[in-house]
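The block underneath contains the structure these notes are about, expressed in structure tokens.
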Amino acid sequence: MRRLALLFLSSVVVAIATQQVGAADADPLNGTWYLNPGMSRFHAGPAILKQTRTYEISGDTVKQTVDGVDAAGKPTHSSFTAKYDGKEYPITGNPDADTIVVQRVDKNTARSVLKKNGKVVQTTVRKMGKNGKTVTFKTQGTNAKGDRVDYELVFGKEPPKE
């Protein structure tokens with residue numbers, strides 16, 4: 001009986017330790033992020049009025065869905081699923097680009113290259129905040145109209161107060 005209780009207790013300890021290791025390794029980008037327009041900076045190009053980014057990350061695969069409102073007040077929607085392997089993957093709904101290449105720089109940083117008809121049009125560096133509650137996207141390049149874009153978008157886990 002004592003052996004059975006010890007075996008059961010050992011199994012519970014191993015199960016809890018495994019869950020904690022899995023939680024520690026979870027990508028902090030997973031989930032929904034809300035644009036904070038007050039903290040974001042638009043150096044060149046049209047401002048984004050509202051944007052929500054949802055990430056589903058599994059291993060080296062990232063799925064991103066973006067919904068928002070552009071400077072003209074029109075709704076926007078785009079998405080992609082890609083691997084952090086430096087290869088091109090299709091983007092749907094983005095007028096500026098038709099493919100994306102994503103690569104990890106480190107655990108909290110990734111670099112994306114957006115292309116339109118095979119030509120590089122924008123680069124973005126995504127950096128997770130140290131507290132895991134903010135993520136910043138620095139983007140430079142040109143949009144579909146050929147206008148220069150240069151902005152720093154700051155997102156948080158909570159929707160901004162309107």
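For the structure tokens, the naming scheme is as follows: chains receive sequential letters (A, B, ...) according to their order of presentation, residues are indexed from 1 within each chain, and ligands are indexed from 1 in presentation order.
Residues in contact with Ala144 in chain A at up to 12 Å, not including ones fewer than 3 positions away on its chain and judged by only C-alpha atoms, are Gly45, Pro46, Asn94, Pro95, Asp96, Ala97, Asp98, Leu114, Lys115, Lys116, Asn117, Lys119, Val120, Val121, Gln122, Gly141, Asp147, Arg148 and Val149 of chain A.
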Using the selection just defined, write its residues with C-alpha atoms as an mmCIF file, in the first residue's frame.
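File written: selection.cif
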```
data_model
loop_
_atom_site.group_PDB
_atom_site.id
_atom_site.type_symbol
_atom_site.label_atom_id
_atom_site.label_comp_id
_atom_site.auth_asym_id
_atom_site.auth_seq_id
_atom_site.Cartn_x
_atom_site.Cartn_y
_atom_site.Cartn_z
ATOM 1 C CA GLY A 45 2.906 56.813 -43.885
ATOM 2 C CA PRO A 46 -0.731 56.784 -42.825
ATOM 3 C CA ASN A 94 -2.494 42.721 -47.211
ATOM 4 C CA PRO A 95 -2.460 45.247 -50.092
ATOM 5 C CA ASP A 96 1.235 46.014 -49.483
ATOM 6 C CA ALA A 97 2.603 42.467 -49.725
ATOM 7 C CA ASP A 98 1.786 39.001 -51.020
ATOM 8 C CA LEU A 114 7.393 41.476 -46.725
ATOM 9 C CA LYS A 115 7.496 41.124 -50.508
ATOM 10 C CA LYS A 116 5.204 42.148 -53.341
ATOM 11 C CA ASN A 117 5.708 40.387 -56.685
ATOM 12 C CA LYS A 119 10.393 42.548 -54.466
ATOM 13 C CA VAL A 120 11.139 43.471 -50.829
ATOM 14 C CA VAL A 121 8.731 46.248 -49.810
ATOM 15 C CA GLN A 122 8.876 46.317 -45.994
ATOM 16 C CA GLY A 141 9.587 50.375 -46.417
ATOM 17 C CA ASP A 147 4.595 55.877 -50.261
ATOM 18 C CA ARG A 148 7.279 55.528 -47.622
ATOM 19 C CA VAL A 149 6.220 53.928 -44.315
#
```
- Exercise: Ile57 in chain A partners within 9 Å, only C-alpha atoms, chain neighbours under 5 positions left out, as a list in words: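 Using only C-alpha atoms, the neighbours found are Ala26, Asp27, Leu29, Asn30, Gly31, Val62, Lys63 and Gln64 of chain A.
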Atoms to include: C-alpha atoms. Write the selected residues as a PDB file, in the first residue's frame.
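In the end it all went to result.pdb:
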```pdb
ATOM      1  CA  ALA A  26       5.274  28.826 -23.991  1.00  0.00           C
ATOM      2  CA  ASP A  27       5.792  31.637 -26.481  1.00  0.00           C
ATOM      3  CA  LEU A  29       3.459  36.156 -28.223  1.00  0.00           C
ATOM      4  CA  ASN A  30       0.575  33.654 -28.207  1.00  0.00           C
ATOM      5  CA  GLY A  31      -2.800  35.313 -27.848  1.00  0.00           C
ATOM      6  CA  VAL A  62       3.334  31.193 -36.357  1.00  0.00           C
ATOM      7  CA  LYS A  63      -0.191  32.050 -37.484  1.00  0.00           C
ATOM      8  CA  GLN A  64      -1.061  35.751 -37.439  1.00  0.00           C
TER       9      GLN A  64
END
```
- Find the residues near range 78-83 of chain A: any atom within 7 Å, counting only C-alpha atoms, skip ones fewer than 6 places away on the same chain, and give them as a list in words.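 The residues satisfying every condition are Asp60, Thr61, Val62, Lys63, Gln64, Thr65, Val66, Asp67, Tyr89, Pro90, Ile91, Thr92, Gly93, Asn94 and Val102 of chain A.
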- His43 in chain A: which residues within 9 Å, counting only C-alpha atoms, same-chain residues fewer than 3 positions away excluded, as a ChimeraX atom specification? /A:149-152
Written selection (C-alpha atoms) as a PDB file, in the first residue's frame:
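Done, and the output landed in result_25.pdb:
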```pdb
ATOM      1  CA  VAL A 149       6.220  53.928 -44.315  1.00  0.00           C
ATOM      2  CA  ASP A 150       8.176  54.182 -41.105  1.00  0.00           C
ATOM      3  CA  TYR A 151       6.365  53.425 -37.892  1.00  0.00           C
ATOM      4  CA  GLU A 152       6.659  51.862 -34.485  1.00  0.00           C
TER       5      GLU A 152
END
```
- In chain A, what's alpha helix (DSSP H) per DSSP? Answer as a PyMOL selection string? chain A and resi 2-25
- Show which residues sit within 10 Å of Gln103 in chain A, as a PyMOL selection string. Count only C-alpha atoms, and ignore same-chain residues fewer than 6 positions away. chain A and resi 60+82-87+109-113+125
- Message: Env of Asp70 in chain A: 7 Å cut, atoms = only C-alpha atoms, seq-sep filter 6 positions within chain, self excluded. Answer as a count of residues only.
- Response: 3
